[in-house]
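Quick look at upload.txt (compact mmCIF, C-alpha atoms and all ligand atoms):
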# COMPACT_ATOMS: atom_id res chain seq x y z
CA MET E 1 -90.66 1.97 -23.10
CA SER E 2 -94.23 2.69 -24.25
CA GLY E 3 -96.21 4.50 -21.59
CA ALA E 4 -93.13 5.22 -19.46
CA ILE E 5 -92.94 8.82 -18.26
CA HIS E 6 -89.92 10.64 -19.63
CA ILE E 7 -87.99 12.33 -16.83
CA PRO E 8 -85.62 15.05 -18.12
CA VAL E 9 -82.04 15.22 -16.88
CA LEU E 10 -79.47 18.03 -17.05
CA THR E 11 -75.93 16.80 -16.46
CA ILE E 12 -73.25 19.23 -15.24
CA ASP E 13 -69.73 17.79 -15.34
CA GLY E 14 -66.32 19.39 -15.01
CA PRO E 15 -63.22 19.78 -12.86
CA SER E 16 -63.04 21.01 -9.27
CA GLY E 17 -64.07 24.64 -8.73
CA ALA E 18 -65.64 25.07 -12.17
CA GLY E 19 -68.91 26.11 -10.52
CA LYS E 20 -70.92 22.90 -11.03
CA GLY E 21 -72.52 22.82 -7.58
CA THR E 22 -73.31 26.53 -7.59
CA ILE E 23 -74.99 26.41 -11.00
CA ALA E 24 -76.71 23.09 -10.28
CA ARG E 25 -78.34 24.52 -7.14
CA GLU E 26 -79.55 27.59 -9.02
CA VAL E 27 -81.07 25.47 -11.78
CA VAL E 28 -82.71 23.25 -9.14
CA LEU E 29 -84.31 26.34 -7.59
CA ALA E 30 -85.41 27.72 -10.95
CA LYS E 31 -86.87 24.47 -12.27
CA GLY E 32 -87.96 22.71 -9.07
CA TRP E 33 -86.04 19.60 -10.13
CA HIS E 34 -84.19 17.10 -7.91
CA PHE E 35 -80.45 17.38 -7.29
CA LEU E 36 -77.76 14.70 -7.38
CA ASP E 37 -74.43 15.76 -5.85
CA SER E 38 -72.55 12.64 -6.99
CA GLY E 39 -69.25 13.97 -5.65
CA ALA E 40 -70.69 13.83 -2.13
CA LEU E 41 -71.13 10.05 -2.49
CA TYR E 42 -67.47 9.64 -3.46
CA ARG E 43 -66.39 12.01 -0.67
CA LEU E 44 -68.46 10.03 1.87
CA THR E 45 -67.01 6.76 0.59
CA GLY E 46 -63.44 8.07 0.87
CA LEU E 47 -64.03 9.38 4.36
CA HIS E 48 -65.79 6.19 5.45
CA CYS E 49 -62.81 4.12 4.24
CA GLN E 50 -60.43 6.28 6.21
CA ARG E 51 -62.54 6.10 9.36
CA CYS E 52 -62.95 2.33 9.06
CA GLY E 53 -59.21 1.82 8.45
CA VAL E 54 -59.79 0.56 4.89
CA ASP E 55 -57.04 1.30 2.35
CA THR E 56 -58.36 3.51 -0.48
CA GLN E 57 -56.58 1.14 -2.90
CA ASP E 58 -58.54 -1.89 -1.66
CA ALA E 59 -61.20 -2.04 -4.38
CA ASP E 60 -63.37 -4.81 -2.92
CA LEU E 61 -63.52 -3.51 0.64
CA ALA E 62 -64.01 0.09 -0.51
CA ALA E 63 -66.85 -1.04 -2.80
CA GLU E 64 -68.48 -2.88 0.10
CA LEU E 65 -68.40 0.29 2.17
CA ALA E 66 -69.73 2.32 -0.79
CA ALA E 67 -72.64 -0.08 -1.23
CA ASN E 68 -73.61 0.25 2.44
CA LEU E 69 -72.89 3.87 3.27
CA PRO E 70 -74.43 4.65 6.71
CA VAL E 71 -75.36 8.15 5.59
CA GLU E 72 -78.27 10.37 6.62
CA PHE E 73 -79.17 13.79 5.25
CA VAL E 74 -80.88 15.75 8.02
CA VAL E 75 -82.54 19.12 7.55
CA GLY E 76 -82.14 21.26 10.66
CA ALA E 77 -82.19 24.92 11.69
CA GLU E 78 -78.75 25.49 10.08
CA GLY E 79 -79.68 23.87 6.79
CA GLU E 80 -78.87 20.36 5.63
CA ARG E 81 -76.43 18.33 7.72
CA VAL E 82 -74.72 15.16 6.55
CA LEU E 83 -74.30 12.36 9.08
CA LEU E 84 -71.94 9.43 8.53
CA ALA E 85 -72.50 6.59 11.00
CA GLY E 86 -74.31 9.17 13.11
CA ASP E 87 -71.40 11.64 13.11
CA ASP E 88 -71.89 15.13 11.60
CA VAL E 89 -69.41 15.30 8.68
CA THR E 90 -70.99 18.29 6.86
CA ALA E 91 -67.80 20.38 6.97
CA GLU E 92 -65.32 17.51 6.83
CA ILE E 93 -66.58 16.13 3.51
CA ARG E 94 -65.86 19.50 1.86
CA THR E 95 -62.16 19.66 2.80
CA GLU E 96 -59.49 19.06 0.17
CA THR E 97 -58.19 16.16 2.30
CA THR E 98 -61.53 14.40 1.80
CA GLY E 99 -61.52 15.47 -1.87
CA ALA E 100 -58.25 13.59 -2.33
CA LEU E 101 -59.66 10.46 -0.62
CA ALA E 102 -62.73 10.72 -2.86
CA SER E 103 -60.59 10.89 -5.97
CA GLN E 104 -58.65 7.79 -4.86
CA VAL E 105 -61.71 5.59 -4.32
CA ALA E 106 -63.36 7.09 -7.44
CA ALA E 107 -60.65 5.49 -9.60
CA LEU E 108 -61.81 1.99 -8.52
CA GLN E 109 -64.30 0.36 -10.90
CA PRO E 110 -66.05 -1.73 -8.15
CA VAL E 111 -66.70 1.46 -6.17
CA ARG E 112 -68.21 3.17 -9.22
CA GLU E 113 -70.40 0.12 -9.87
CA ALA E 114 -71.53 0.07 -6.23
CA LEU E 115 -72.72 3.70 -6.52
CA LEU E 116 -74.22 3.53 -10.03
CA GLN E 117 -77.83 2.50 -9.32
CA ARG E 118 -78.01 4.73 -6.27
CA GLN E 119 -77.23 7.69 -8.54
CA ARG E 120 -79.71 6.64 -11.24
CA ASP E 121 -82.45 6.37 -8.60
CA PHE E 122 -82.31 10.16 -8.22
CA ARG E 123 -84.03 10.45 -11.62
CA GLN E 124 -87.52 11.24 -10.37
CA PRO E 125 -90.28 13.54 -11.74
CA PRO E 126 -90.32 16.36 -12.59
CA GLY E 127 -86.60 16.23 -13.48
CA LEU E 128 -83.01 15.95 -12.27
CA VAL E 129 -79.90 18.10 -12.23
CA ALA E 130 -76.86 15.81 -11.84
CA ASP E 131 -73.45 17.24 -10.84
CA GLY E 132 -70.20 15.28 -11.17
CA ARG E 133 -67.52 13.96 -13.52
CA ASP E 134 -69.26 11.21 -15.51
CA MET E 135 -72.91 12.26 -15.35
CA GLY E 136 -73.20 12.85 -19.10
CA THR E 137 -70.85 10.06 -20.18
CA VAL E 138 -71.68 7.07 -17.95
CA VAL E 139 -74.47 7.58 -15.41
CA PHE E 140 -76.99 9.38 -17.66
CA PRO E 141 -75.65 8.98 -21.22
CA ASP E 142 -79.20 9.56 -22.51
CA ALA E 143 -79.60 12.89 -20.64
CA ASP E 144 -81.63 15.52 -22.46
CA PHE E 145 -79.22 18.36 -21.67
CA LYS E 146 -75.49 18.17 -21.00
CA VAL E 147 -73.04 20.86 -20.05
CA PHE E 148 -69.36 20.68 -19.14
CA LEU E 149 -68.15 23.61 -17.05
CA THR E 150 -64.50 24.51 -16.87
CA ALA E 151 -62.22 27.45 -16.00
CA SER E 152 -58.48 28.05 -15.81
CA ALA E 153 -56.67 26.07 -13.09
CA GLU E 154 -55.61 29.33 -11.39
CA GLU E 155 -59.13 30.69 -11.22
CA ARG E 156 -60.59 27.42 -9.96
CA ALA E 157 -58.00 27.23 -7.18
CA GLU E 158 -58.66 30.84 -6.22
CA ARG E 159 -62.41 30.25 -6.10
CA ARG E 160 -61.96 27.22 -3.85
CA TYR E 161 -59.49 29.09 -1.64
CA LYS E 162 -61.95 31.93 -1.14
CA GLN E 163 -64.81 29.50 -0.49
CA LEU E 164 -62.88 27.50 2.13
CA LYS E 165 -61.58 30.68 3.79
CA GLU E 166 -65.13 31.99 4.06
CA GLN E 167 -66.05 28.73 5.78
CA GLY E 168 -63.29 29.41 8.32
CA ALA E 169 -60.83 26.77 7.04
CA ASP E 170 -57.09 27.29 7.48
CA VAL E 171 -55.79 26.81 3.92
CA SER E 172 -52.88 28.00 1.80
CA LEU E 173 -53.47 29.01 -1.84
CA ALA E 174 -50.19 27.42 -2.98
CA VAL E 175 -50.95 24.06 -1.31
CA LEU E 176 -54.56 24.08 -2.49
CA THR E 177 -53.52 24.83 -6.09
CA GLU E 178 -51.17 21.83 -5.99
CA GLU E 179 -53.77 19.53 -4.39
CA ILE E 180 -56.47 20.45 -6.91
CA ALA E 181 -54.07 19.98 -9.83
CA GLU E 182 -53.18 16.53 -8.51
CA ARG E 183 -56.86 15.57 -8.11
CA ASP E 184 -57.76 16.81 -11.60
CA ARG E 185 -54.82 14.88 -13.05
CA ARG E 186 -55.96 11.68 -11.32
CA ASP E 187 -59.61 12.20 -12.35
CA ALA E 188 -58.73 12.89 -15.99
CA SER E 189 -56.19 10.09 -16.42
CA ARG E 190 -57.98 7.16 -14.74
CA SER E 191 -59.13 4.34 -16.99
CA VAL E 192 -62.69 4.14 -15.56
CA SER E 193 -65.10 7.02 -16.18
CA PRO E 194 -62.39 9.64 -16.69
CA LEU E 195 -63.21 13.33 -16.44
CA VAL E 196 -63.96 14.14 -20.07
CA PRO E 197 -66.80 16.09 -21.72
CA ALA E 198 -69.50 13.92 -23.33
CA ALA E 199 -69.37 14.19 -27.12
CA ASP E 200 -72.78 15.90 -27.03
CA ALA E 201 -72.06 18.24 -24.09
CA GLN E 202 -71.88 22.01 -24.43
CA VAL E 203 -68.53 23.08 -23.01
CA ILE E 204 -68.66 26.40 -21.16
CA ASP E 205 -65.40 28.06 -20.14
CA THR E 206 -66.34 30.15 -17.09
CA THR E 207 -62.96 31.88 -16.67
CA GLY E 208 -63.71 35.53 -15.92
CA ILE E 209 -67.47 34.95 -16.30
CA GLY E 210 -69.68 35.57 -13.27
CA VAL E 211 -72.17 33.09 -11.81
CA GLY E 212 -75.17 35.00 -13.21
CA ALA E 213 -73.89 34.87 -16.79
CA VAL E 214 -73.01 31.17 -16.54
CA PHE E 215 -76.47 30.44 -15.14
CA GLU E 216 -78.06 32.21 -18.09
CA ARG E 217 -76.03 30.18 -20.55
CA VAL E 218 -77.06 26.93 -18.87
CA MET E 219 -80.73 28.01 -18.81
CA ALA E 220 -80.38 28.75 -22.54
CA VAL E 221 -79.23 25.16 -23.07
CA LEU E 222 -82.37 23.98 -21.21
CA ALA E 223 -84.54 26.19 -23.41
CA GLU E 224 -83.17 24.70 -26.62
CA ARG E 225 -85.81 21.96 -26.65
N1 LIG D 1 -68.53 31.74 -12.52
C1 LIG D 1 -68.03 31.92 -11.31
N2 LIG D 1 -67.31 33.04 -11.03
C2 LIG D 1 -66.79 33.23 -9.81
N3 LIG D 1 -66.92 32.37 -8.77
C3 LIG D 1 -67.62 31.24 -8.98
C4 LIG D 1 -68.20 30.96 -10.25
N4 LIG D 1 -68.83 29.78 -10.16
C5 LIG D 1 -68.65 29.35 -8.91
N5 LIG D 1 -67.94 30.23 -8.18
C6 LIG D 1 -67.53 30.10 -6.77
O1 LIG D 1 -66.47 29.14 -6.78
C7 LIG D 1 -66.56 28.28 -5.65
C8 LIG D 1 -66.58 26.83 -6.13
O2 LIG D 1 -67.79 26.61 -6.83
P1 LIG D 1 -68.52 25.20 -6.82
O3 LIG D 1 -69.87 25.40 -7.41
O4 LIG D 1 -68.43 24.58 -5.46
O5 LIG D 1 -67.60 24.37 -7.84
P2 LIG D 1 -67.58 22.83 -8.20
O6 LIG D 1 -68.89 22.23 -7.73
O7 LIG D 1 -67.44 22.76 -9.70
O8 LIG D 1 -66.38 22.26 -7.51
C9 LIG D 1 -67.81 28.71 -4.88
O9 LIG D 1 -67.43 29.53 -3.80
C10 LIG D 1 -68.61 29.50 -5.89
O10 LIG D 1 -69.37 30.52 -5.29
N1 LIG D 2 -69.45 11.71 -10.74
C1 LIG D 2 -68.35 11.84 -10.03
C2 LIG D 2 -68.27 12.80 -9.00
C3 LIG D 2 -67.12 12.89 -8.27
N2 LIG D 2 -66.09 12.04 -8.52
C4 LIG D 2 -64.87 12.04 -7.72
O1 LIG D 2 -65.10 12.67 -6.46
C5 LIG D 2 -64.21 13.75 -6.25
C6 LIG D 2 -64.96 14.86 -5.52
O2 LIG D 2 -65.98 15.34 -6.37
P1 LIG D 2 -66.74 16.73 -6.11
O3 LIG D 2 -67.67 16.92 -7.28
O4 LIG D 2 -67.34 16.70 -4.77
O5 LIG D 2 -65.54 17.75 -6.15
P2 LIG D 2 -65.49 19.29 -6.53
O6 LIG D 2 -65.69 19.41 -8.00
O7 LIG D 2 -66.62 19.96 -5.77
O8 LIG D 2 -64.13 19.71 -6.09
C7 LIG D 2 -63.69 14.13 -7.63
O9 LIG D 2 -62.39 14.68 -7.62
C8 LIG D 2 -63.72 12.78 -8.37
O10 LIG D 2 -62.56 12.03 -8.13
C9 LIG D 2 -66.17 11.14 -9.56
O11 LIG D 2 -65.22 10.41 -9.82
N3 LIG D 2 -67.31 11.04 -10.29
For this file, write the structure as structure tokens.
Amino acid sequence: MSGAIHIPVLTIDGPSGAGKGTIAREVVLAKGWHFLDSGALYRLTGLHCQRCGVDTQDADLAAELAANLPVEFVVGAEGERVLLAGDDVTAEIRTETTGALASQVAALQPVREALLQRQRDFRQPPGLVADGRDMGTVVFPDADFKVFLTASAEERAERRYKQLKEQGADVSLAVLTEEIAERDRRDASRSVSPLVPAADAQVIDTTGIGVGAVFERVMAVLAER
């Protein structure tokens, strides 16, 4: 390791709607670090399986698709667009239907292995903010800073409902609450890389706490060393 440059990493893990992506993007802006949205890779893999007619229980085929995702991130006039096999899937990867597909393929060890190095490659100078479920436990266990964001199930479902509504999606709060609970249950109970705070993560319950206050708490964690 002598002579190797140390690249700092902040990991932000937690359940759906806890505010990981929102806080990660703010930290990225504040620090000028790179951003890994690991959930997007699982969402793209789930969607790719569906579009290719591959069963999300078929570990080997799903892993093959994960290892060769035909994805492009294109910056255009309307911000970043995500293309899958040339098709714009920017909105579709954010739906709860795709979230459920993501959670199914994410329970398969070969899929997680296929995506592991790709995620670690995001660790580039001057630093990385990594958002997901197992960033602090499996992908970057040696991260300098680890937080685990959470909030009550009701508040997380309400946040997601509002977010999807604002994006023009036709969603029902009752159905969404049920779908998110099911996804969290699957993520937390799977045998590989379950959703669990790293032993050395700072757990922040964001229930009733605004984005600005959560951001300040995370920046305080970064200032500790
Ligand atoms: N602390 C908070 N208080 C209120 N709303 C929040 C908070 N954090 C995030 N949100 C909102 O909740 C929604 C989901 O946040 P997001 O960052 O996408 O969560 P995650 O990445 O953990 O699934 C977004 O619309 C976001 O603006
Ligand atoms: N590091 C990660 C990130 C996501 N995932 C899976 O991918 C799904 C979608 O992740 P996401 O971060 O985009 O979801 P939200 O928290 O934004 O709802 C999760 O429900 C997990 O099943 C994972 O297993 N490991």
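Of the listed residues E:Glu72, E:Asp134, E:Glu96, E:Asp13, the one whose atoms come nearest to E:Glu182 is E:Glu96, with distances taken using all atoms listed in the file.
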Q | Atom pair atom CA of E:Glu26 / atom CA of E:Phe215: separation (Å) | A |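 If I compute the distance from atom CA of E:Glu26 to atom CA of E:Phe215, I get 7.4 Å.
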**Q.** Nearest to ligand LIG 1 (chain D) by atom-to-atom distance, counting all atoms listed in the file, from E:Gln119, E:Gln163, E:Ser172, E:Gln124
**A.**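 So, comparing all the options, the nearest one is E:Gln163.
For the pair atom N4 of ligand LIG 1 (chain D) and atom CA of E:Leu173, the separation is 17.5 Å.
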As AutoDock Vina command-line options: centre and edge lengths in Å, one decimal, of the axis-aligned box holding ligand LIG 1 (chain D) with 3 Å per side:
--center_x -68.1 --center_y 27.7 --center_z -8.2 --size_x 9.5 --size_y 17.0 --size_z 14.7
Q: List all protein, DNA and RNA residues that have an atom no more than 9 Å from any atom of ligand LIG 2 (chain D), counting only C-alpha atoms and all ligand atoms, and report them as a PyMOL selection string.
A: chain E and resi 13-21+37-43+46+93-94+96+98-107+112+130-135+138-139+160+180+183-184+186-188+192-195
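Closest to ligand LIG 1 (chain D) among E:Arg25, E:Arg51, E:Arg185, E:Arg225 is E:Arg25, based on all atoms listed in the file.
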Q.
One decimal, in Å: what's the spacing between atom N1 of ligand LIG 1 (chain D) and atom CA of E:Asp205?
A.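 Atom CA of E:Asp205 lies 9.0 Å from atom N1 of ligand LIG 1 (chain D).
Shortest atom-to-atom contact with ligand LIG 1 (chain D) among E:Arg190, E:Arg81, E:Arg217, E:Lys162: E:Lys162, counting all atoms listed in the file.
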Q.
Which residue is closest to E:Val27? Choose from E:Ala4, E:Val211, E:Cys52, E:Met219 and count only C-alpha atoms.
A.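 Looking at the shortest contact to E:Val27, the residue is E:Met219.
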Q. Which neighbours of E:Leu69 fall inside 9 Å, counting only C-alpha atoms, when residues of the same chain fewer than 6 positions from it are skipped, and could you give them as a ChimeraX atom specification?
A. /E:41,44-45,48,84-85
Q: Identify, on the basis of all atoms listed in the file, every residue whose closest approach to E:Phe148 does not exceed 8 Å; exclude the query and any residue fewer than 5 positions from it along the same chain; express the result as a list in words.
A: Ile12, Asp13, Gly14, Pro197, Ala198, Ala201, Gln202, Val203 and Ile204 of chain E
Q) Of the candidates E:Phe145, E:Thr90, E:Pro126, E:Ala157, which shows the shortest atom-to-atom distance to E:Ala220, using only C-alpha atoms? A)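 Checking each of E:Phe145, E:Thr90, E:Pro126, E:Ala157 against E:Ala220, counting only C-alpha atoms, the winner is E:Phe145.
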**Q.** Contact residues around E:Asp144 with all atoms listed in the file at 12 Å, ignoring same-chain residues under 3 positions, as a ChimeraX atom specification
**A.** /E:6-12,127-130,135-136,140-141,147,200-202,221-225
Write to file, as a CSV table (one decimal), keeping the file's coordinate frame, the residues of the selection just made, with C-alpha atoms.
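The resulting file, selection-v3.csv, is shown below:
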chain,number,residue,atom,x,y,z
E,6,HIS,CA,-89.9,10.6,-19.6
E,7,ILE,CA,-88.0,12.3,-16.8
E,8,PRO,CA,-85.6,15.0,-18.1
E,9,VAL,CA,-82.0,15.2,-16.9
E,10,LEU,CA,-79.5,18.0,-17.0
E,11,THR,CA,-75.9,16.8,-16.5
E,12,ILE,CA,-73.2,19.2,-15.2
E,127,GLY,CA,-86.6,16.2,-13.5
E,128,LEU,CA,-83.0,16.0,-12.3
E,129,VAL,CA,-79.9,18.1,-12.2
E,130,ALA,CA,-76.9,15.8,-11.8
E,135,MET,CA,-72.9,12.3,-15.4
E,136,GLY,CA,-73.2,12.8,-19.1
E,140,PHE,CA,-77.0,9.4,-17.7
E,141,PRO,CA,-75.6,9.0,-21.2
E,147,VAL,CA,-73.0,20.9,-20.0
E,200,ASP,CA,-72.8,15.9,-27.0
E,201,ALA,CA,-72.1,18.2,-24.1
E,202,GLN,CA,-71.9,22.0,-24.4
E,221,VAL,CA,-79.2,25.2,-23.1
E,222,LEU,CA,-82.4,24.0,-21.2
E,223,ALA,CA,-84.5,26.2,-23.4
E,224,GLU,CA,-83.2,24.7,-26.6
E,225,ARG,CA,-85.8,22.0,-26.6
Q: Please identify all polymer residues within 7 Å of E:Ala66, counting only C-alpha atoms, omitting same-chain residues fewer than 4 positions from it, and present them as a ChimeraX atom specification.
A: /E:45,62,111,114-115
